[in-house]
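Participant: Structure file final31.txt, compact mmCIF, C-alpha atoms and all ligand atoms, is pasted below:
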```txt
# COMPACT_ATOMS: atom_id res chain seq x y z
CA MET A 1 -20.54 -1.98 -12.21
CA LYS A 2 -19.91 0.61 -9.48
CA HIS A 3 -16.81 0.09 -7.37
CA ILE A 4 -15.80 0.42 -3.75
CA VAL A 5 -12.03 0.16 -3.30
CA SER A 6 -9.84 -0.33 -0.26
CA GLY A 7 -6.38 -1.63 0.54
CA ILE A 8 -4.84 -3.27 3.57
CA GLN A 9 -1.15 -3.34 4.31
CA PRO A 10 0.42 -6.76 4.96
CA THR A 11 2.55 -5.57 7.84
CA GLY A 12 1.83 -7.88 10.77
CA SER A 13 -0.79 -10.10 12.31
CA LEU A 14 -4.37 -8.98 12.52
CA ASN A 15 -5.72 -8.36 16.00
CA LEU A 16 -9.10 -7.79 17.59
CA GLY A 17 -8.73 -4.02 17.06
CA THR A 18 -8.27 -4.33 13.30
CA TYR A 19 -11.03 -6.91 13.14
CA LEU A 20 -13.64 -4.84 14.98
CA GLY A 21 -12.47 -1.49 13.54
CA SER A 22 -11.73 -2.45 9.96
CA ILE A 23 -12.92 -5.89 8.77
CA LYS A 24 -16.34 -5.55 10.39
CA ASN A 25 -16.62 -2.17 8.68
CA PHE A 26 -16.00 -3.74 5.25
CA ILE A 27 -18.71 -6.29 5.95
CA ASP A 28 -21.06 -3.50 6.92
CA VAL A 29 -20.17 -1.45 3.81
CA GLN A 30 -20.96 -4.46 1.62
CA ARG A 31 -24.32 -4.85 3.34
CA ARG A 32 -25.18 -1.16 2.83
CA HIS A 33 -24.09 -1.11 -0.84
CA PRO A 34 -25.18 -4.44 -2.32
CA GLU A 35 -25.12 -3.02 -5.85
CA HIS A 36 -21.38 -2.22 -5.68
CA GLN A 37 -18.43 -4.51 -6.28
CA LEU A 38 -15.89 -4.32 -3.43
CA LEU A 39 -12.33 -4.38 -4.75
CA LEU A 40 -10.17 -5.22 -1.77
CA PHE A 41 -6.45 -5.66 -2.21
CA ILE A 42 -3.43 -6.57 -0.15
CA ALA A 43 -1.25 -3.47 -0.50
CA ASP A 44 2.15 -5.18 -0.68
CA LEU A 45 3.68 -2.34 -2.76
CA HIS A 46 2.74 0.04 0.04
CA ALA A 47 4.35 -2.25 2.61
CA LEU A 48 7.63 -2.00 0.67
CA THR A 49 7.94 1.72 1.42
CA VAL A 50 9.60 0.68 4.70
CA PRO A 51 12.03 -2.27 5.02
CA GLN A 52 10.37 -5.73 4.98
CA ASP A 53 11.62 -9.25 5.54
CA LYS A 54 10.94 -11.29 2.38
CA MET A 55 9.67 -14.49 4.05
CA LYS A 56 7.53 -12.62 6.54
CA LEU A 57 5.98 -10.45 3.85
CA ARG A 58 5.06 -13.44 1.71
CA LYS A 59 3.52 -15.25 4.67
CA THR A 60 1.54 -12.20 5.79
CA ILE A 61 0.07 -11.58 2.32
CA LYS A 62 -1.55 -15.02 2.19
CA GLU A 63 -2.52 -14.95 5.85
CA LEU A 64 -4.29 -11.62 5.46
CA ALA A 65 -6.11 -12.71 2.33
CA ALA A 66 -7.34 -15.89 4.03
CA LEU A 67 -8.36 -14.06 7.20
CA TYR A 68 -10.35 -11.43 5.34
CA LEU A 69 -12.17 -14.14 3.42
CA ALA A 70 -12.74 -16.19 6.55
CA SER A 71 -14.21 -13.20 8.36
CA GLY A 72 -17.45 -13.26 6.44
CA LEU A 73 -17.10 -10.82 3.54
CA ASN A 74 -19.75 -11.47 0.92
CA GLN A 75 -17.92 -13.20 -1.91
CA ASP A 76 -20.66 -12.51 -4.43
CA THR A 77 -19.70 -8.85 -4.59
CA LEU A 78 -16.01 -9.11 -3.70
CA SER A 79 -12.84 -9.08 -5.81
CA LEU A 80 -9.87 -9.82 -3.57
CA PHE A 81 -6.43 -9.45 -5.12
CA ILE A 82 -2.77 -8.67 -4.48
CA GLN A 83 -1.65 -5.19 -5.53
CA SER A 84 1.76 -6.12 -6.97
CA GLU A 85 0.16 -8.70 -9.30
CA ILE A 86 -1.48 -5.87 -11.25
CA PRO A 87 1.27 -3.92 -13.07
CA ALA A 88 -1.08 -0.97 -13.61
CA HIS A 89 -0.74 0.07 -9.93
CA ALA A 90 2.97 0.87 -10.25
CA GLN A 91 2.43 2.44 -13.69
CA MET A 92 -0.40 4.63 -12.44
CA ALA A 93 1.64 5.71 -9.41
CA TYR A 94 4.33 7.09 -11.70
CA LEU A 95 1.86 8.87 -13.96
CA LEU A 96 0.12 10.44 -10.96
CA GLN A 97 3.41 11.59 -9.48
CA CYS A 98 3.61 13.84 -12.54
CA PHE A 99 0.37 15.48 -11.35
CA THR A 100 1.16 15.69 -7.63
CA TYR A 101 3.08 18.61 -6.17
CA MET A 102 5.95 18.44 -3.69
CA GLY A 103 4.10 20.85 -1.40
CA GLU A 104 1.11 18.50 -1.27
CA LEU A 105 3.23 15.49 -0.33
CA GLU A 106 5.21 17.51 2.21
CA ARG A 107 2.00 18.26 4.10
CA MET A 108 1.10 14.59 4.66
CA THR A 109 1.17 13.87 8.40
CA GLN A 110 1.55 10.10 7.91
CA PHE A 111 4.79 10.69 6.00
CA LYS A 112 6.12 12.90 8.77
CA ASP A 113 5.23 10.31 11.43
CA LYS A 114 6.59 7.32 9.53
CA ALA A 115 9.74 9.12 8.35
CA GLN A 116 10.60 9.94 11.95
CA LYS A 117 10.46 6.27 12.92
CA GLN A 118 12.95 5.17 10.22
CA THR A 119 16.42 4.54 11.57
CA LYS A 120 18.13 3.53 8.31
CA GLY A 121 17.09 6.24 5.88
CA VAL A 122 13.74 7.27 4.47
CA SER A 123 12.89 5.87 1.02
CA SER A 124 11.60 8.23 -1.65
CA ALA A 125 8.71 5.78 -2.08
CA LEU A 126 7.54 6.60 1.45
CA PHE A 127 7.32 10.21 0.32
CA THR A 128 5.39 9.42 -2.88
CA TYR A 129 3.17 6.82 -1.14
CA PRO A 130 0.02 9.01 -1.51
CA ALA A 131 0.38 8.99 -5.32
CA LEU A 132 0.47 5.17 -5.28
CA MET A 133 -2.61 5.18 -3.09
CA ALA A 134 -4.39 7.68 -5.34
CA GLY A 135 -3.61 5.38 -8.26
CA ASP A 136 -5.11 2.36 -6.43
CA ILE A 137 -8.36 4.26 -6.18
CA LEU A 138 -8.52 6.16 -9.50
CA LEU A 139 -7.61 3.09 -11.58
CA TYR A 140 -10.97 1.55 -10.71
CA ASP A 141 -13.20 4.63 -10.79
CA ALA A 142 -14.01 3.96 -7.15
CA GLN A 143 -17.10 5.76 -5.95
CA TYR A 144 -16.47 4.99 -2.26
CA VAL A 145 -13.31 4.27 -0.28
CA PRO A 146 -13.78 2.83 3.22
CA VAL A 147 -10.82 3.86 5.38
CA GLY A 148 -9.95 4.80 8.95
CA GLU A 149 -9.75 8.41 10.10
CA ASP A 150 -5.94 8.26 9.69
CA GLN A 151 -6.31 8.02 5.89
CA LYS A 152 -8.57 11.06 5.48
CA GLN A 153 -5.74 13.33 4.33
CA HIS A 154 -4.64 10.84 1.66
CA LEU A 155 -8.22 10.67 0.40
CA GLU A 156 -8.45 14.45 0.14
CA LEU A 157 -5.28 14.50 -1.93
CA THR A 158 -6.67 11.71 -4.13
CA ARG A 159 -9.77 13.81 -4.77
CA ASP A 160 -7.63 16.85 -5.66
CA ILE A 161 -5.59 14.78 -8.11
CA ALA A 162 -8.78 13.35 -9.65
CA ILE A 163 -10.26 16.81 -10.15
CA ARG A 164 -6.95 17.98 -11.66
CA LEU A 165 -6.98 15.12 -14.19
CA ASN A 166 -10.60 15.76 -15.10
CA ASN A 167 -10.00 19.49 -15.59
CA ARG A 168 -7.13 18.71 -17.89
CA PHE A 169 -8.48 15.74 -19.85
CA GLY A 170 -12.27 15.84 -19.56
CA SER A 171 -13.91 13.04 -17.59
CA MET A 172 -10.94 10.77 -16.97
CA VAL A 173 -11.63 9.35 -13.48
CA THR A 174 -14.37 9.22 -10.85
CA VAL A 175 -13.83 11.58 -7.91
CA PRO A 176 -14.06 9.20 -4.90
CA GLU A 177 -15.73 9.75 -1.55
CA PRO A 178 -14.29 8.41 1.70
CA LEU A 179 -16.45 6.21 3.92
CA ILE A 180 -15.14 6.79 7.42
CA PRO A 181 -16.97 4.95 10.19
CA LYS A 182 -18.43 7.58 12.53
CA VAL A 183 -18.44 5.76 15.82
CA GLY A 184 -16.15 2.93 14.77
CA ALA A 185 -15.28 0.79 17.75
CA ARG A 186 -11.86 1.95 18.86
CA ILE A 187 -10.35 -0.97 20.71
CA MET A 188 -7.69 -0.15 23.28
CA SER A 189 -4.62 -2.02 24.49
CA LEU A 190 -5.30 -4.64 27.16
CA THR A 191 -2.23 -3.57 29.14
CA ASP A 192 -2.57 0.21 28.71
CA PRO A 193 -6.19 1.09 27.88
CA THR A 194 -5.28 4.70 27.12
CA LYS A 195 -3.46 3.56 23.92
CA LYS A 196 -5.11 1.82 20.98
CA MET A 197 -4.60 -1.91 20.48
CA SER A 198 -1.90 -2.08 17.84
CA LYS A 199 0.09 -4.75 16.05
CA SER A 200 3.32 -2.78 16.51
CA ASP A 201 3.06 -2.68 20.32
CA VAL A 202 6.11 -4.54 21.69
CA ASN A 203 4.03 -5.96 24.54
CA VAL A 204 2.28 -9.07 23.16
CA LYS A 205 -0.04 -9.10 26.19
CA SER A 206 -1.58 -5.85 24.94
CA ARG A 207 -3.64 -7.57 22.26
CA VAL A 208 -5.62 -10.59 21.11
CA ASN A 209 -4.50 -11.74 17.66
CA LEU A 210 -7.16 -13.24 15.43
CA LEU A 211 -5.31 -16.55 15.24
CA ASP A 212 -4.64 -16.91 18.99
CA ASP A 213 -6.00 -20.13 20.48
CA GLU A 214 -8.74 -20.28 23.09
CA THR A 215 -6.39 -20.64 26.08
CA LEU A 216 -4.32 -17.65 25.07
CA ILE A 217 -7.37 -15.46 24.35
CA ARG A 218 -8.79 -16.29 27.78
CA LYS A 219 -5.45 -15.54 29.43
CA ARG A 220 -5.10 -12.17 27.68
CA ILE A 221 -8.62 -11.03 28.56
CA MET A 222 -8.53 -12.31 32.15
CA SER A 223 -5.31 -10.38 32.75
CA ALA A 224 -6.48 -7.17 31.05
CA VAL A 225 -5.69 -4.09 33.15
CA THR A 226 -8.76 -2.73 34.97
CA ASP A 227 -9.23 -0.75 38.24
CA SER A 228 -10.08 -1.55 41.86
CA GLU A 229 -13.67 -0.30 42.00
CA ASP A 230 -15.27 -3.63 41.00
CA THR A 231 -18.36 -2.10 39.37
CA ILE A 232 -19.08 -2.47 35.70
CA ARG A 233 -19.88 0.88 34.17
CA TYR A 234 -18.74 2.67 31.02
CA ASP A 235 -16.40 5.51 31.97
CA THR A 236 -13.48 6.00 29.57
CA LYS A 237 -11.77 8.57 31.84
CA GLU A 238 -11.96 6.90 35.25
CA LYS A 239 -12.25 3.28 34.10
CA PRO A 240 -10.64 2.93 30.64
CA GLY A 241 -9.90 -0.79 31.08
CA ILE A 242 -13.48 -1.76 31.91
CA ALA A 243 -14.82 0.66 29.27
CA ASN A 244 -12.63 -1.09 26.70
CA LEU A 245 -13.94 -4.54 27.68
CA ILE A 246 -17.51 -3.19 27.51
CA THR A 247 -16.76 -1.84 24.00
CA ILE A 248 -15.39 -5.21 22.89
CA TYR A 249 -18.39 -7.06 24.31
CA SER A 250 -20.81 -4.59 22.74
CA ALA A 251 -19.10 -4.66 19.32
CA ILE A 252 -19.23 -8.46 19.24
CA THR A 253 -22.71 -9.09 20.61
CA GLY A 254 -24.35 -6.06 19.03
CA GLN A 255 -25.77 -5.05 22.44
CA ALA A 256 -25.70 -1.31 23.09
CA ILE A 257 -23.34 -0.12 25.84
CA PRO A 258 -26.10 0.71 28.41
CA ALA A 259 -27.56 -2.76 27.87
CA VAL A 260 -24.15 -4.33 28.57
CA GLU A 261 -23.84 -2.23 31.75
CA ALA A 262 -27.31 -3.38 32.83
CA THR A 263 -26.57 -7.06 32.14
CA PHE A 264 -23.43 -7.02 34.29
CA LYS A 265 -24.41 -4.51 36.98
CA ASP A 266 -24.24 -7.14 39.74
CA SER A 267 -21.25 -9.06 38.38
CA ASP A 268 -17.68 -8.90 39.64
CA TYR A 269 -14.76 -8.28 37.25
CA ALA A 270 -13.81 -11.96 36.98
CA THR A 271 -17.33 -12.93 35.89
CA PHE A 272 -17.51 -10.09 33.40
CA LYS A 273 -14.07 -10.89 31.98
CA ARG A 274 -15.10 -14.54 31.55
CA ALA A 275 -18.14 -13.38 29.58
CA VAL A 276 -15.98 -11.12 27.39
CA ALA A 277 -13.52 -13.95 26.79
CA ASP A 278 -16.40 -16.30 25.88
CA ALA A 279 -17.78 -13.73 23.43
CA VAL A 280 -14.38 -13.18 21.77
CA ILE A 281 -13.70 -16.93 21.54
CA GLY A 282 -17.20 -17.55 20.17
CA GLU A 283 -16.69 -14.87 17.52
CA LEU A 284 -13.21 -15.98 16.45
CA ALA A 285 -13.66 -19.78 16.52
CA PRO A 286 -15.61 -20.07 13.24
CA ILE A 287 -13.28 -17.53 11.57
CA GLN A 288 -10.23 -19.54 12.60
CA ALA A 289 -11.81 -22.80 11.42
CA ARG A 290 -12.62 -21.31 8.02
CA TYR A 291 -9.14 -19.74 7.85
CA HIS A 292 -7.41 -23.10 8.32
CA GLU A 293 -9.72 -24.70 5.78
CA LEU A 294 -8.90 -22.00 3.21
CA LYS A 295 -5.16 -22.14 3.83
CA ALA A 296 -5.18 -25.89 3.17
CA SER A 297 -7.27 -25.76 -0.03
CA PRO A 298 -6.69 -24.42 -3.54
CA GLU A 299 -9.76 -22.19 -3.07
CA LEU A 300 -7.75 -19.24 -1.79
CA ASP A 301 -5.55 -19.14 -4.91
CA ARG A 302 -8.60 -19.51 -7.11
CA ILE A 303 -10.28 -16.53 -5.43
CA LEU A 304 -7.10 -14.43 -5.71
CA ASP A 305 -6.76 -15.36 -9.40
CA GLU A 306 -10.35 -14.36 -10.09
CA GLY A 307 -9.91 -11.08 -8.24
CA LYS A 308 -6.73 -10.42 -10.18
CA ALA A 309 -8.39 -11.07 -13.55
CA TYR A 310 -11.28 -8.71 -12.78
CA ALA A 311 -9.02 -5.93 -11.48
CA ASP A 312 -6.39 -6.30 -14.20
CA ARG A 313 -8.86 -5.84 -17.02
CA PHE A 314 -10.36 -2.72 -15.58
CA ALA A 315 -7.02 -1.19 -14.53
CA THR A 316 -5.28 -1.88 -17.84
CA ASN A 317 -8.06 -0.09 -19.73
CA LYS A 318 -7.79 2.93 -17.47
CA ILE A 319 -4.00 3.14 -17.84
CA ARG A 320 -4.33 2.95 -21.60
CA LYS A 321 -6.90 5.73 -21.62
CA LEU A 322 -4.61 7.97 -19.57
CA GLN A 323 -1.53 7.12 -21.66
CA ASN A 324 -3.45 8.03 -24.81
CA ALA A 325 -4.61 11.31 -23.28
CA LEU A 326 -1.04 12.13 -22.30
CA GLY A 327 0.38 11.40 -25.75
CA LEU A 328 2.59 8.59 -24.51
CA GLY A 329 3.91 5.99 -26.96
CA ARG A 330 1.75 5.12 -29.95
CA LYS A 331 -2.00 5.56 -29.77
CA ARG A 332 -3.64 2.28 -28.73
CA LYS A 333 -7.16 1.07 -28.37
P1 LIG B 401 0.34 0.01 13.50
O1 LIG B 401 0.62 -0.70 14.78
O2 LIG B 401 1.39 -0.21 12.46
O3 LIG B 401 -0.09 1.43 13.71
P2 LIG B 401 -2.32 -0.88 13.45
O4 LIG B 401 -2.38 -2.08 14.37
O5 LIG B 401 -2.80 0.41 13.98
O6 LIG B 401 -0.88 -0.73 12.85
P3 LIG B 401 -3.32 -0.56 10.75
O7 LIG B 401 -2.84 -1.53 9.73
O8 LIG B 401 -2.76 0.81 10.77
O9 LIG B 401 -3.16 -1.28 12.18
O10 LIG B 401 -4.89 -0.46 10.71
C1 LIG B 401 -5.70 -0.96 9.68
C2 LIG B 401 -7.11 -0.47 9.91
O11 LIG B 401 -7.63 -0.99 11.14
C3 LIG B 401 -7.22 1.04 10.02
O12 LIG B 401 -8.30 1.46 9.23
C4 LIG B 401 -7.49 1.33 11.48
O13 LIG B 401 -8.37 2.42 11.62
C5 LIG B 401 -8.12 0.03 11.99
N1 LIG B 401 -7.65 -0.24 13.36
C6 LIG B 401 -6.40 -0.60 13.73
N2 LIG B 401 -6.30 -0.76 15.05
C7 LIG B 401 -7.53 -0.49 15.57
C8 LIG B 401 -8.08 -0.46 16.90
N3 LIG B 401 -7.35 -0.73 17.95
N4 LIG B 401 -9.39 -0.15 17.04
C9 LIG B 401 -10.14 0.13 15.96
N5 LIG B 401 -9.69 0.13 14.69
C10 LIG B 401 -8.41 -0.16 14.48
N1 LIG B 402 -2.78 3.58 3.09
C1 LIG B 402 -3.78 2.65 3.59
C2 LIG B 402 -3.82 1.38 2.78
C3 LIG B 402 -4.18 1.66 1.36
C4 LIG B 402 -5.48 2.03 0.88
C5 LIG B 402 -5.30 2.20 -0.54
C6 LIG B 402 -6.71 2.24 1.48
C7 LIG B 402 -3.35 1.62 0.30
N2 LIG B 402 -4.01 1.93 -0.84
C8 LIG B 402 -6.38 2.58 -1.35
C9 LIG B 402 -7.78 2.62 0.65
C10 LIG B 402 -7.61 2.78 -0.73
C11 LIG B 402 -3.46 2.32 5.05
O1 LIG B 402 -2.32 2.41 5.46
N3 LIG B 402 -4.45 1.90 5.81
```
Please go through the file and, once you have read it, give me the structure as structure tokens.
Facilitator:
Amino acid sequence: MKHIVSGIQPTGSLNLGTYLGSIKNFIDVQRRHPEHQLLLFIADLHALTVPQDKMKLRKTIKELAALYLASGLNQDTLSLFIQSEIPAHAQMAYLLQCFTYMGELERMTQFKDKAQKQTKGVSSALFTYPALMAGDILLYDAQYVPVGEDQKQHLELTRDIAIRLNNRFGSMVTVPEPLIPKVGARIMSLTDPTKKMSKSDVNVKSRVNLLDDETLIRKRIMSAVTDSEDTIRYDTKEKPGIANLITIYSAITGQAIPAVEATFKDSDYATFKRAVADAVIGELAPIQARYHELKASPELDRILDEGKAYADRFATNKIRKLQNALGLGRKRK
């Protein structure tokens, strides 16, 4: 079975930006590669590289798993699991650190950005994060790795490490290819449409969270920052607020941007915003219903157990193969 692997960090509530930019992309990747198994995991070990609150972390892990499932991923070709439940991830991270150079890690821009934001000291795990991520991917011989543009550098390092292992030990791992959405919908903040919609924005009015109720979604969209021109056209420079609402509407309905402009050319902003709110509510309502159903049933744990069993078997074999090649311990089958 060929594998596609990706991880998501359990560090906050999912919002419309992550849904349209990331979850929808996974669904699309599954549709384009029906012969591959998608191994999707909640990257809780990655989350631990910066301080986390125990109760919040535990809640977010389950919430994320249920939301991803509720969003319409095809379960026939999906293994969903929790990273820390597979010991091979931490083992592989250590082994790969022995094949990753300081200079390579020092070049990682995400480390530099995240390290700067830490007020109480920077953990060494934040520095070695890319080796953990490389392990996540190489453990499963992933052929493709769907990620956002921000993860491109980590993927390049993963490929370098894979090639290094193969040069040293023969064919040890598959060299993965990133799948980066080309024109992925970039959803902007509702209060400052020049910034992306983000879960770490202190202003809660800047986003729609996937679990917000209908009244709140309507309120957020109706009060989204726009301009005073009162014509609906796509212009990210002059009219970033309206352009963002057009992008949201287009991403949800599947209508191309010019078609959205044409539909609303005679509408005022209030009418257009009502239509965007209706589209968002219509998209999220079935996801929320399924989410609550999953959270209340044993199905979620069953799915996570199945995902864990599939991943664990594959990953344990790979670790053993690498340990044997390295001369660690006693030779094992
Ligand atoms: P943070 O606030 O910590 O930067 P975030 O809200 O940007 O977090 P991430 O967890 O970094 O969310 O993003 C997960 C994935 O979702 C990434 O692949 C990213 O490209 C995508 N994504 C996040 N926000 C948006 C957005 N506003 N529009 C499109 N895609 C997004
Ligand atoms: N670093 C990624 C999450 C992540 C991941 C992975 C993605 C961890 N391990 C393996 C793809 C493959 C992020 O912050 N978005």
Participant: Rank A:Lys273, A:Lys199, A:Arg159, A:His33 by their smallest atom-to-atom distance to Met222 in chain A, using all atoms listed in the file, and report the top residue only.
Facilitator: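 Of A:Lys273, A:Lys199, A:Arg159, A:His33, the one nearest Met222 in chain A is A:Lys273, counting all atoms listed in the file.
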Participant: May I ask for the distance between CA of His154 in chain A and CA of Gln9 in chain A, given in Å to one decimal place?
Facilitator: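 Distance between the two atoms: 14.8 Å.
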Participant: So what do you get for CA of Ile180 in chain A versus CA of Thr236 in chain A, distance-wise?
Facilitator: 22.2 Å
Participant: For ligand LIG 401 (chain B), list the contacting residues at 9 Å or closer, counting all atoms listed in the file, as JSON, numbers by chain.
Facilitator: {"A": [8, 9, 10, 11, 12, 13, 14, 15, 16, 17, 18, 19, 20, 21, 22, 23, 146, 147, 148, 149, 150, 151, 180, 184, 185, 186, 187, 188, 189, 195, 196, 197, 198, 199, 200, 201, 207]}
Participant: What does the file look like for those residues with C-alpha atoms, as a tab-separated table (two decimals), in the coordinates of the input?
Facilitator:
```tsv
chain	number	residue	atom	x	y	z
A	8	ILE	CA	-4.84	-3.27	3.57
A	9	GLN	CA	-1.15	-3.34	4.31
A	10	PRO	CA	0.42	-6.76	4.96
A	11	THR	CA	2.55	-5.57	7.84
A	12	GLY	CA	1.83	-7.88	10.77
A	13	SER	CA	-0.79	-10.10	12.31
A	14	LEU	CA	-4.37	-8.98	12.52
A	15	ASN	CA	-5.72	-8.36	16.00
A	16	LEU	CA	-9.10	-7.79	17.59
A	17	GLY	CA	-8.73	-4.02	17.06
A	18	THR	CA	-8.27	-4.33	13.30
A	19	TYR	CA	-11.03	-6.91	13.14
A	20	LEU	CA	-13.64	-4.84	14.98
A	21	GLY	CA	-12.47	-1.49	13.54
A	22	SER	CA	-11.73	-2.45	9.96
A	23	ILE	CA	-12.92	-5.89	8.77
A	146	PRO	CA	-13.78	2.83	3.22
A	147	VAL	CA	-10.82	3.86	5.38
A	148	GLY	CA	-9.95	4.80	8.95
A	149	GLU	CA	-9.75	8.41	10.10
A	150	ASP	CA	-5.94	8.26	9.69
A	151	GLN	CA	-6.31	8.02	5.89
A	180	ILE	CA	-15.14	6.79	7.42
A	184	GLY	CA	-16.15	2.93	14.77
A	185	ALA	CA	-15.28	0.79	17.75
A	186	ARG	CA	-11.86	1.95	18.86
A	187	ILE	CA	-10.35	-0.97	20.71
A	188	MET	CA	-7.69	-0.15	23.28
A	189	SER	CA	-4.62	-2.02	24.49
A	195	LYS	CA	-3.46	3.56	23.92
A	196	LYS	CA	-5.11	1.82	20.98
A	197	MET	CA	-4.60	-1.91	20.48
A	198	SER	CA	-1.90	-2.08	17.84
A	199	LYS	CA	0.09	-4.75	16.05
A	200	SER	CA	3.32	-2.78	16.51
A	201	ASP	CA	3.06	-2.68	20.32
A	207	ARG	CA	-3.64	-7.57	22.26
```
Participant: Go through A:Thr119, A:Thr100, A:Asn25, A:Asn209 and flag the residue nearest Arg164 in chain A, using all atoms listed in the file for the distances.
Facilitator: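 The shortest atom-to-atom distance to Arg164 in chain A comes from A:Thr100.
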Participant: Write as a count of residues only the residues around ligand LIG 402 (chain B), taking 6 Å as the cut-off and counting only C-alpha atoms and all ligand atoms.
Facilitator: 11
Participant: In Å, with one decimal, what is the gap from CA of Ile82 in chain A to CA of Glu104 in chain A?
Facilitator: 27.6 Å
Participant: If you count all atoms listed in the file, which residues fall within 10 Å of His89 in chain A, apart from same-chain ones fewer than 4 positions away, as an NGL selection string?
Facilitator: :A and (45 or 83-85 or 93-94 or 132-139 or 312 or 315-316 or 319)
Participant: Counting all atoms listed in the file, which of A:Lys182, A:Arg220, A:Lys239, A:Arg168 gets nearest to Thr194 in chain A?
Facilitator: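 Nearest to Thr194 in chain A: A:Lys239.
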Participant: Report as a list in words all protein, DNA and RNA residues lying within 9 Å of Gln30 in chain A, evaluated on all atoms listed in the file, omitting residues in the same chain fewer than 4 positions from it.
Facilitator: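 Those residues are Ile4, Asn25, Phe26, Pro34, Glu35, His36, Gln37, Leu38, Leu73, Asn74, Thr77 and Leu78 of chain A.
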Participant: With distances taken over all atoms listed in the file, which residue among A:Ile27, A:Ile61, A:Leu48, A:Gly170 lies nearest Leu322 in chain A?
Facilitator: A:Gly170
Participant: Around (14.6, -2.1, 3.1), as given in the file, which residues come within 10 Å? Count all atoms listed in the file and list them as a list in words.
Facilitator: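 Residues lying no farther than 10 Å from the given point: Leu48, Thr49, Val50, Pro51, Gln52, Asp53, Lys54, Lys120, Gly121, Val122 and Ser123 of chain A.
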Participant: Counting only C-alpha atoms, which of A:Asp230, A:Asp113, A:Asp160, A:Glu63 gets nearest to Val173 in chain A?
Facilitator: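 Comparing A:Asp230, A:Asp113, A:Asp160, A:Glu63 against Val173 in chain A, the winner is A:Asp160.
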Participant: Go through A:Arg107, A:Lys56, A:Lys237, A:Lys205 one by one, measure the shortest atom-to-atom distance of each to Pro130 in chain A using all atoms listed in the file, and give the residue with the smallest value.
Facilitator: A:Arg107
Participant: Using all atoms listed in the file and a cutoff of 12 Å, can you tell me which residues are near (-3.1, -16.8, 23.5) in the file's coordinates, and write them out as a list in words?
Facilitator: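 Counting all atoms listed in the file, I find these residues within 12 Å of (-3.1, -16.8, 23.5): Asn15, Val204, Lys205, Ser206, Arg207, Val208, Asn209, Leu210, Leu211, Asp212, Asp213, Glu214, Thr215, Leu216, Ile217, Arg218, Lys219, Arg220, Ile221, Met222, Ser223, Ala277, Val280 and Ile281 of chain A.
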Participant: Fewer than 5 positions away in the same chain doesn't count, so skip those; otherwise give me all residues within 8 Å of Ala70 in chain A, counting only C-alpha atoms, as number ranges by chain.
Facilitator: A: 287-288, 290-291, 294
Participant: Near Met102 in chain A, counting all atoms listed in the file, which residues have an atom at most 12 Å away, once you skip same-chain residues fewer than 4 positions from it, shown as an mmCIF file with C-alpha atoms, in the frame of the given file?
Facilitator:
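Writing the result to around.cif gives the following:
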```cif
data_model
loop_
_atom_site.group_PDB
_atom_site.id
_atom_site.type_symbol
_atom_site.label_atom_id
_atom_site.label_comp_id
_atom_site.auth_asym_id
_atom_site.auth_seq_id
_atom_site.Cartn_x
_atom_site.Cartn_y
_atom_site.Cartn_z
ATOM 1 C CA GLN A 97 3.410 11.590 -9.480
ATOM 2 C CA CYS A 98 3.610 13.840 -12.540
ATOM 3 C CA GLU A 106 5.210 17.510 2.210
ATOM 4 C CA ARG A 107 2.000 18.260 4.100
ATOM 5 C CA MET A 108 1.100 14.590 4.660
ATOM 6 C CA SER A 124 11.600 8.230 -1.650
ATOM 7 C CA PHE A 127 7.320 10.210 0.320
ATOM 8 C CA THR A 128 5.390 9.420 -2.880
ATOM 9 C CA PRO A 130 0.020 9.010 -1.510
ATOM 10 C CA ALA A 131 0.380 8.990 -5.320
#
```
Participant: Counting only C-alpha atoms, what is within 12 Å of Arg233 in chain A, bar same-chain residues fewer than 6 positions away, as a ChimeraX atom specification?
Facilitator: /A:226-227,239-247,257-269,272
Participant: Could the residues in this selection be written to a file with C-alpha atoms, as a tab-separated table (two decimals), in the frame of the given file?
Facilitator:
```tsv
chain	number	residue	atom	x	y	z
A	226	THR	CA	-8.76	-2.73	34.97
A	227	ASP	CA	-9.23	-0.75	38.24
A	239	LYS	CA	-12.25	3.28	34.10
A	240	PRO	CA	-10.64	2.93	30.64
A	241	GLY	CA	-9.90	-0.79	31.08
A	242	ILE	CA	-13.48	-1.76	31.91
A	243	ALA	CA	-14.82	0.66	29.27
A	244	ASN	CA	-12.63	-1.09	26.70
A	245	LEU	CA	-13.94	-4.54	27.68
A	246	ILE	CA	-17.51	-3.19	27.51
A	247	THR	CA	-16.76	-1.84	24.00
A	257	ILE	CA	-23.34	-0.12	25.84
A	258	PRO	CA	-26.10	0.71	28.41
A	259	ALA	CA	-27.56	-2.76	27.87
A	260	VAL	CA	-24.15	-4.33	28.57
A	261	GLU	CA	-23.84	-2.23	31.75
A	262	ALA	CA	-27.31	-3.38	32.83
A	263	THR	CA	-26.57	-7.06	32.14
A	264	PHE	CA	-23.43	-7.02	34.29
A	265	LYS	CA	-24.41	-4.51	36.98
A	266	ASP	CA	-24.24	-7.14	39.74
A	267	SER	CA	-21.25	-9.06	38.38
A	268	ASP	CA	-17.68	-8.90	39.64
A	269	TYR	CA	-14.76	-8.28	37.25
A	272	PHE	CA	-17.51	-10.09	33.40
```
